[in-house]
>>> print(open('upload_7.cif').read())   # mmCIF, C-alpha atoms, pLDDT in the B column; chains and numbers go by the auth columns
data_protein
#
loop_
_atom_site.group_PDB
_atom_site.id
_atom_site.type_symbol
_atom_site.label_atom_id
_atom_site.label_comp_id
_atom_site.label_asym_id
_atom_site.label_seq_id
_atom_site.Cartn_x
_atom_site.Cartn_y
_atom_site.Cartn_z
_atom_site.B_iso_or_equiv
_atom_site.auth_seq_id
_atom_site.auth_asym_id
ATOM 1 C CA MET A 1 7.760 -17.760 0.310 88.00 1 X
ATOM 2 C CA ARG A 2 9.886 -17.791 3.391 89.00 2 X
ATOM 3 C CA THR A 3 12.341 -15.014 4.112 89.00 3 X
ATOM 4 C CA THR A 4 14.579 -13.920 6.974 92.00 4 X
ATOM 5 C CA PHE A 5 15.215 -10.465 8.331 91.00 5 X
ATOM 6 C CA THR A 6 17.293 -8.957 11.121 95.00 6 X
ATOM 7 C CA MET A 7 15.700 -7.165 14.053 95.00 7 X
ATOM 8 C CA ASP A 8 17.222 -5.412 17.043 96.00 8 X
ATOM 9 C CA ASP A 9 17.362 -7.746 20.067 97.00 9 X
ATOM 10 C CA ALA A 10 15.672 -5.235 22.351 97.00 10 X
ATOM 11 C CA LEU A 11 12.812 -4.792 19.899 97.00 11 X
ATOM 12 C CA ALA A 12 12.392 -8.549 19.530 96.00 12 X
ATOM 13 C CA GLU A 13 12.303 -8.961 23.308 97.00 13 X
ATOM 14 C CA ARG A 14 9.754 -6.173 23.697 98.00 14 X
ATOM 15 C CA ALA A 15 7.581 -7.780 21.013 97.00 15 X
ATOM 16 C CA ARG A 16 7.724 -11.086 22.907 97.00 16 X
ATOM 17 C CA GLU A 17 6.799 -9.348 26.165 98.00 17 X
ATOM 18 C CA LEU A 18 3.792 -7.756 24.475 98.00 18 X
ATOM 19 C CA GLY A 19 2.698 -10.987 22.805 98.00 19 X
ATOM 20 C CA ILE A 20 3.191 -9.634 19.304 98.00 20 X
ATOM 21 C CA ASN A 21 3.415 -12.227 16.558 97.00 21 X
ATOM 22 C CA VAL A 22 6.490 -10.888 14.757 96.00 22 X
ATOM 23 C CA SER A 23 5.828 -12.885 11.576 95.00 23 X
ATOM 24 C CA SER A 24 2.309 -11.493 11.316 96.00 24 X
ATOM 25 C CA ALA A 25 3.463 -7.962 12.128 97.00 25 X
ATOM 26 C CA ALA A 26 6.208 -8.201 9.482 96.00 26 X
ATOM 27 C CA ARG A 27 3.720 -9.499 6.902 96.00 27 X
ATOM 28 C CA ASP A 28 1.316 -6.640 7.721 97.00 28 X
ATOM 29 C CA GLY A 29 4.166 -4.166 7.392 97.00 29 X
ATOM 30 C CA VAL A 30 5.165 -5.492 3.971 96.00 30 X
ATOM 31 C CA VAL A 31 1.537 -5.408 2.802 97.00 31 X
ATOM 32 C CA ALA A 32 1.273 -1.770 3.923 97.00 32 X
ATOM 33 C CA ALA A 33 4.609 -0.859 2.297 97.00 33 X
ATOM 34 C CA VAL A 34 3.597 -2.455 -1.013 97.00 34 X
ATOM 35 C CA ALA A 35 0.216 -0.662 -0.967 96.00 35 X
ATOM 36 C CA LYS A 36 1.961 2.653 -0.265 96.00 36 X
ATOM 37 C CA ALA A 37 4.517 2.095 -3.049 97.00 37 X
ATOM 38 C CA LEU A 38 1.759 1.202 -5.531 96.00 38 X
ATOM 39 C CA ALA A 39 -0.206 4.319 -4.603 95.00 39 X
ATOM 40 C CA GLN A 40 2.900 6.481 -5.053 95.00 40 X
ATOM 41 C CA SER A 41 3.628 4.819 -8.392 95.00 41 X
ATOM 42 C CA ASP A 42 0.061 5.346 -9.589 93.00 42 X
ATOM 43 C CA ARG A 43 0.177 8.984 -8.491 93.00 43 X
ATOM 44 C CA ALA A 44 3.503 9.558 -10.290 93.00 44 X
ATOM 45 C CA ALA A 45 2.130 7.981 -13.483 92.00 45 X
ATOM 46 C CA TYR A 46 -0.982 10.160 -13.275 89.00 46 X
ATOM 47 C CA GLU A 47 1.131 13.285 -12.755 90.00 47 X
ATOM 48 C CA GLN A 48 3.192 12.409 -15.856 91.00 48 X
ATOM 49 C CA GLN A 49 0.110 11.723 -17.985 88.00 49 X
ATOM 50 C CA PRO A 50 -2.986 13.215 -16.355 84.00 50 X
ATOM 51 C CA GLU A 51 -6.384 12.321 -17.697 82.00 51 X
ATOM 52 C CA THR A 52 -8.051 14.809 -19.979 82.00 52 X
ATOM 53 C CA PRO A 53 -11.769 15.540 -20.014 78.00 53 X
ATOM 54 C CA ASP A 54 -13.712 13.264 -22.350 76.00 54 X
ATOM 55 C CA PRO A 55 -16.995 14.714 -23.627 75.00 55 X
ATOM 56 C CA PHE A 56 -18.395 11.215 -24.170 74.00 56 X
ATOM 57 C CA TRP A 57 -18.260 10.455 -20.435 71.00 57 X
ATOM 58 C CA THR A 58 -19.811 13.813 -19.593 68.00 58 X
ATOM 59 C CA ASP A 59 -22.725 12.889 -21.844 67.00 59 X
ATOM 60 C CA ALA A 60 -22.817 9.330 -20.486 66.00 60 X
ATOM 61 C CA GLU A 61 -23.108 10.625 -16.919 63.00 61 X
ATOM 62 C CA ALA A 62 -26.171 12.582 -17.994 60.00 62 X
ATOM 63 C CA TRP A 63 -27.856 9.329 -19.038 59.00 63 X
ATOM 64 C CA THR A 64 -28.234 8.332 -15.384 56.00 64 X
ATOM 65 C CA GLU A 65 -30.260 11.411 -14.480 54.00 65 X
#
>>> encode(input="upload_7.cif", output="structure tokens")
Amino acid sequence: MRTTFTMDDALAERARELGINVSSAARDGVVAAVAKALAQSDRAAYEQQPETPDPFWTDAEAWTE
């Protein structure tokens, strides 16, 4: 998918001076933002419905010993 975004002219010029690929940097930023949002969502869901101890898994862990 192609998308367009607005960036401050001074920031765009500085990125060019430093040889930063703005498209790649934007993609990396979106990937990081999505990962962060998913982690926050997972954490919120866990806080609403935390796991409870399951005796079966306690016994199952003992099988490996």
>>> atom_distance(input="upload_7.cif", atom1="atom CA of X:Arg2", atom2="atom CA of X:Asp42")
28.3 Å
>>> atom_distance(input="upload_7.cif", atom1="atom CA of X:Phe5", atom2="atom CA of X:Ser23")
10.2 Å
>>> atom_distance(input="upload_7.cif", atom1="atom CA of X:Val22", atom2="atom CA of X:Lys36")
20.7 Å
>>> axis_aligned_box(input="upload_7.cif", around="stretch 44-51 of chain X", padding_each_side="6 Å", output="AutoDock Vina command-line options")
--center_x -1.4 --center_y 10.6 --center_z -14.1 --size_x 21.9 --size_y 17.3 --size_z 19.7
>>> residues_around(input="upload_7.cif", residues="X:Ala26", least_positions_apart="2", cutoff="12 Å", atoms="all atoms listed in the file", output="ChimeraX atom specification")
/X:2-7,12,15,20-24,28-33
